[in-house]
Amino acid sequence: MRAVKARDTTPELIVRRLAHSMGFRFRLHRKDLPGNPDLVFPRLRKVIFVNGCFWHGHNCARGARVPKQNRDYWTAKITRNAARDQAAQKALRTQQWRTLIIWECQLKKANIAARIRRFLES
Ligand SMILES: [Zn+2]
């Protein structure tokens, strides 16, 4: 057992922590919204998705890396995920929600906090 609990650095927790530190209050994973958004800001009518590059088929180095084993299976699965994401975005827009997608690979960029703030304050 570690004496000090390691700081959880999963992408979603990083985004939650940033939004929280800016004073925004949100709910998590609202099942009644299309795509089950990771962070929901009901009063602002905004949602944030934190997407893993591999699972959601991001157009980046990590997103392009498909396992050599069962390549067809993974390609089909990721294509389905991406299609589902797009359908959810469209459905949310129809319901007047504004959405921000943050990709896992963007979290290390210095401007990520500013991007979140800009989205939530605009
Ligand atoms: Zn990416």
# chains A, B, ... in the order shown; residues from 1 in each chain; ligands from 1
$ residues_near_ligand --ligand "ligand 1" --cutoff "12 Å" --atoms "only C-alpha atoms and all ligand atoms" --output "PyMOL selection string"
chain A and resi 11+50-65+101-109
$ select_by_dssp --residues "chain A" --states "strand (DSSP E)" --output "PyMOL selection string"
chain A and resi 27-28+39-41+46-51+98-103
$ write_last_selection --atoms "N, CA, C and O atoms" --output "tab-separated table (two decimals), in the first residue's frame"
chain	number	residue	atom	x	y	z
A	27	ARG	N	-22.48	18.28	-13.38
A	27	ARG	CA	-22.89	16.92	-13.05
A	27	ARG	C	-22.16	15.98	-13.99
A	27	ARG	O	-21.65	16.39	-15.02
A	28	LEU	N	-22.14	14.71	-13.60
A	28	LEU	CA	-21.36	13.75	-14.37
A	28	LEU	C	-22.26	12.75	-15.08
A	28	LEU	O	-23.25	12.28	-14.51
A	39	LEU	N	-19.06	15.66	-18.60
A	39	LEU	CA	-19.36	16.76	-17.69
A	39	LEU	C	-20.57	17.52	-18.24
A	39	LEU	O	-20.58	17.88	-19.43
A	40	VAL	N	-21.54	17.78	-17.39
A	40	VAL	CA	-22.75	18.49	-17.81
A	40	VAL	C	-22.92	19.73	-16.93
A	40	VAL	O	-22.88	19.62	-15.70
A	41	PHE	N	-23.08	20.87	-17.60
A	41	PHE	CA	-23.27	22.15	-16.90
A	41	PHE	C	-24.70	22.60	-17.17
A	41	PHE	O	-24.95	23.34	-18.13
A	46	LYS	N	-24.41	23.44	-21.34
A	46	LYS	CA	-23.20	23.06	-22.04
A	46	LYS	C	-22.72	21.71	-21.52
A	46	LYS	O	-22.97	21.39	-20.35
A	47	VAL	N	-22.06	20.99	-22.40
A	47	VAL	CA	-21.50	19.70	-21.98
A	47	VAL	C	-20.07	19.58	-22.51
A	47	VAL	O	-19.72	20.18	-23.52
A	48	ILE	N	-19.28	18.81	-21.81
A	48	ILE	CA	-17.91	18.52	-22.25
A	48	ILE	C	-17.74	17.00	-22.34
A	48	ILE	O	-18.13	16.27	-21.42
A	49	PHE	N	-17.20	16.57	-23.46
A	49	PHE	CA	-16.80	15.18	-23.62
A	49	PHE	C	-15.28	15.12	-23.52
A	49	PHE	O	-14.59	15.94	-24.12
A	50	VAL	N	-14.81	14.15	-22.79
A	50	VAL	CA	-13.37	13.91	-22.74
A	50	VAL	C	-13.14	12.57	-23.44
A	50	VAL	O	-13.53	11.52	-22.93
A	51	ASN	N	-12.56	12.64	-24.63
A	51	ASN	CA	-12.46	11.45	-25.47
A	51	ASN	C	-11.07	10.86	-25.51
A	51	ASN	O	-10.09	11.57	-25.72
A	98	ARG	N	-24.68	23.16	-26.05
A	98	ARG	CA	-23.39	23.42	-26.70
A	98	ARG	C	-22.38	22.42	-26.18
A	98	ARG	O	-22.37	22.08	-24.99
A	99	THR	N	-21.56	21.94	-27.09
A	99	THR	CA	-20.65	20.86	-26.72
A	99	THR	C	-19.19	21.23	-26.97
A	99	THR	O	-18.88	21.98	-27.89
A	100	LEU	N	-18.33	20.69	-26.14
A	100	LEU	CA	-16.88	20.81	-26.34
A	100	LEU	C	-16.30	19.40	-26.23
A	100	LEU	O	-16.61	18.68	-25.28
A	101	ILE	N	-15.50	19.04	-27.21
A	101	ILE	CA	-14.81	17.76	-27.13
A	101	ILE	C	-13.35	18.03	-26.80
A	101	ILE	O	-12.69	18.81	-27.48
A	102	ILE	N	-12.88	17.41	-25.75
A	102	ILE	CA	-11.47	17.50	-25.41
A	102	ILE	C	-10.85	16.14	-25.62
A	102	ILE	O	-11.33	15.14	-25.08
A	103	TRP	N	-9.83	16.11	-26.45
A	103	TRP	CA	-9.15	14.85	-26.73
A	103	TRP	C	-8.03	14.66	-25.73
A	103	TRP	O	-7.36	15.61	-25.32
$ closest_residue --among "A:Arg30, A:Arg17, A:Lys68, A:Lys90" --to "A:Ile116" --atoms "only C-alpha atoms"
A:Arg17
$ atom_distance --atom1 "atom CA of A:Ala114" --atom2 "atom CA of A:Val15"
11.6 Å
$ select_by_dssp --residues "stretch 12-99 of chain A" --states "alpha helix (DSSP H)" --output "PyMOL selection string"
chain A and resi 12-21+61-64+71-94
$ write_last_selection --atoms "N, CA, C and O atoms" --output "short mmCIF file (atom, residue, chain, number, x, y, z; two decimals), in the first residue's frame"
data_model
loop_
_atom_site.label_atom_id
_atom_site.label_comp_id
_atom_site.auth_asym_id
_atom_site.auth_seq_id
_atom_site.Cartn_x
_atom_site.Cartn_y
_atom_site.Cartn_z
N GLU A 12 -10.35 12.39 -17.84
CA GLU A 12 -11.59 12.99 -17.37
C GLU A 12 -11.39 13.71 -16.04
O GLU A 12 -11.95 14.79 -15.82
N LEU A 13 -10.61 13.12 -15.17
CA LEU A 13 -10.39 13.76 -13.87
C LEU A 13 -9.61 15.06 -14.00
O LEU A 13 -9.84 16.01 -13.25
N ILE A 14 -8.70 15.10 -14.96
CA ILE A 14 -7.95 16.35 -15.19
C ILE A 14 -8.92 17.46 -15.58
O ILE A 14 -8.86 18.57 -15.06
N VAL A 15 -9.83 17.15 -16.48
CA VAL A 15 -10.79 18.16 -16.95
C VAL A 15 -11.73 18.56 -15.82
O VAL A 15 -12.03 19.74 -15.62
N ARG A 16 -12.20 17.58 -15.07
CA ARG A 16 -13.08 17.88 -13.94
C ARG A 16 -12.41 18.83 -12.97
O ARG A 16 -13.01 19.80 -12.49
N ARG A 17 -11.15 18.54 -12.68
CA ARG A 17 -10.41 19.34 -11.71
C ARG A 17 -10.25 20.78 -12.21
O ARG A 17 -10.40 21.73 -11.45
N LEU A 18 -9.96 20.92 -13.51
CA LEU A 18 -9.80 22.26 -14.09
C LEU A 18 -11.10 23.05 -14.00
O LEU A 18 -11.13 24.18 -13.55
N ALA A 19 -12.19 22.42 -14.42
CA ALA A 19 -13.49 23.12 -14.44
C ALA A 19 -13.89 23.49 -13.01
O ALA A 19 -14.38 24.59 -12.74
N HIS A 20 -13.65 22.59 -12.10
CA HIS A 20 -14.00 22.82 -10.71
C HIS A 20 -13.19 23.97 -10.13
O HIS A 20 -13.72 24.85 -9.44
N SER A 21 -11.90 24.00 -10.45
CA SER A 21 -11.03 25.05 -9.91
C SER A 21 -11.40 26.42 -10.46
O SER A 21 -11.06 27.45 -9.89
N ALA A 61 -1.66 10.82 -33.79
CA ALA A 61 -0.79 9.64 -33.82
C ALA A 61 -1.37 8.50 -32.97
O ALA A 61 -1.42 7.35 -33.40
N ARG A 62 -1.85 8.84 -31.80
CA ARG A 62 -2.38 7.81 -30.93
C ARG A 62 -3.68 7.22 -31.49
O ARG A 62 -3.91 6.02 -31.40
N GLY A 63 -4.48 8.09 -32.07
CA GLY A 63 -5.74 7.64 -32.63
C GLY A 63 -5.56 6.74 -33.85
O GLY A 63 -6.41 5.91 -34.15
N ALA A 64 -4.44 6.92 -34.54
CA ALA A 64 -4.20 6.15 -35.77
C ALA A 64 -3.62 4.78 -35.47
O ALA A 64 -3.52 3.94 -36.36
N ARG A 71 -7.16 -6.51 -36.50
CA ARG A 71 -7.21 -5.15 -37.01
C ARG A 71 -8.62 -4.77 -37.51
O ARG A 71 -9.11 -3.67 -37.23
N ASP A 72 -9.26 -5.71 -38.22
CA ASP A 72 -10.59 -5.41 -38.77
C ASP A 72 -11.60 -5.17 -37.65
O ASP A 72 -12.45 -4.28 -37.74
N TYR A 73 -11.50 -5.99 -36.63
CA TYR A 73 -12.40 -5.84 -35.49
C TYR A 73 -12.27 -4.45 -34.88
O TYR A 73 -13.26 -3.75 -34.66
N TRP A 74 -11.03 -4.02 -34.63
CA TRP A 74 -10.82 -2.73 -33.99
C TRP A 74 -11.23 -1.58 -34.89
O TRP A 74 -11.83 -0.61 -34.43
N THR A 75 -10.89 -1.71 -36.18
CA THR A 75 -11.25 -0.64 -37.10
C THR A 75 -12.76 -0.46 -37.14
O THR A 75 -13.27 0.66 -37.07
N ALA A 76 -13.49 -1.58 -37.20
CA ALA A 76 -14.95 -1.50 -37.24
C ALA A 76 -15.51 -0.92 -35.95
O ALA A 76 -16.41 -0.07 -35.96
N LYS A 77 -14.93 -1.35 -34.84
CA LYS A 77 -15.42 -0.88 -33.54
C LYS A 77 -15.21 0.63 -33.39
O LYS A 77 -16.11 1.35 -32.96
N ILE A 78 -14.03 1.09 -33.76
CA ILE A 78 -13.72 2.52 -33.59
C ILE A 78 -14.55 3.36 -34.56
O ILE A 78 -15.01 4.45 -34.22
N THR A 79 -14.77 2.83 -35.76
CA THR A 79 -15.63 3.54 -36.71
C THR A 79 -17.04 3.68 -36.15
O THR A 79 -17.67 4.73 -36.26
N ARG A 80 -17.53 2.62 -35.53
CA ARG A 80 -18.86 2.68 -34.89
C ARG A 80 -18.89 3.71 -33.77
O ARG A 80 -19.83 4.49 -33.64
N ASN A 81 -17.85 3.71 -32.95
CA ASN A 81 -17.80 4.69 -31.86
C ASN A 81 -17.85 6.11 -32.40
O ASN A 81 -18.56 6.96 -31.87
N ALA A 82 -17.05 6.36 -33.44
CA ALA A 82 -16.99 7.71 -34.00
C ALA A 82 -18.35 8.11 -34.59
O ALA A 82 -18.78 9.26 -34.45
N ALA A 83 -19.02 7.17 -35.23
CA ALA A 83 -20.35 7.46 -35.79
C ALA A 83 -21.34 7.78 -34.67
O ALA A 83 -22.16 8.69 -34.78
N ARG A 84 -21.24 7.03 -33.59
CA ARG A 84 -22.14 7.26 -32.45
C ARG A 84 -21.86 8.63 -31.83
O ARG A 84 -22.77 9.36 -31.45
N ASP A 85 -20.58 8.99 -31.76
CA ASP A 85 -20.22 10.32 -31.23
C ASP A 85 -20.85 11.42 -32.08
O ASP A 85 -21.39 12.39 -31.55
N GLN A 86 -20.76 11.27 -33.38
CA GLN A 86 -21.30 12.30 -34.26
C GLN A 86 -22.80 12.42 -34.12
O GLN A 86 -23.35 13.53 -34.11
N ALA A 87 -23.48 11.28 -34.00
CA ALA A 87 -24.93 11.30 -33.83
C ALA A 87 -25.30 12.00 -32.52
O ALA A 87 -26.26 12.78 -32.46
N ALA A 88 -24.51 11.74 -31.49
CA ALA A 88 -24.78 12.37 -30.18
C ALA A 88 -24.58 13.88 -30.26
O ALA A 88 -25.39 14.65 -29.73
N GLN A 89 -23.51 14.31 -30.94
CA GLN A 89 -23.27 15.74 -31.10
C GLN A 89 -24.44 16.43 -31.78
O GLN A 89 -24.89 17.50 -31.37
N LYS A 90 -24.93 15.77 -32.82
CA LYS A 90 -26.03 16.34 -33.59
C LYS A 90 -27.30 16.43 -32.74
O LYS A 90 -27.99 17.44 -32.73
N ALA A 91 -27.57 15.35 -32.00
CA ALA A 91 -28.76 15.33 -31.15
C ALA A 91 -28.68 16.40 -30.07
O ALA A 91 -29.67 17.07 -29.76
N LEU A 92 -27.50 16.59 -29.51
CA LEU A 92 -27.33 17.61 -28.48
C LEU A 92 -27.55 19.01 -29.06
O LEU A 92 -28.19 19.85 -28.44
N ARG A 93 -27.00 19.24 -30.24
CA ARG A 93 -27.18 20.54 -30.89
C ARG A 93 -28.67 20.81 -31.13
O ARG A 93 -29.15 21.91 -30.90
N THR A 94 -29.38 19.78 -31.56
CA THR A 94 -30.81 19.90 -31.81
C THR A 94 -31.54 20.31 -30.53
O THR A 94 -32.50 21.07 -30.57
#
$ atom_distance --atom1 "atom CA of A:Trp97" --atom2 "atom CA of A:Pro37"
10.9 Å
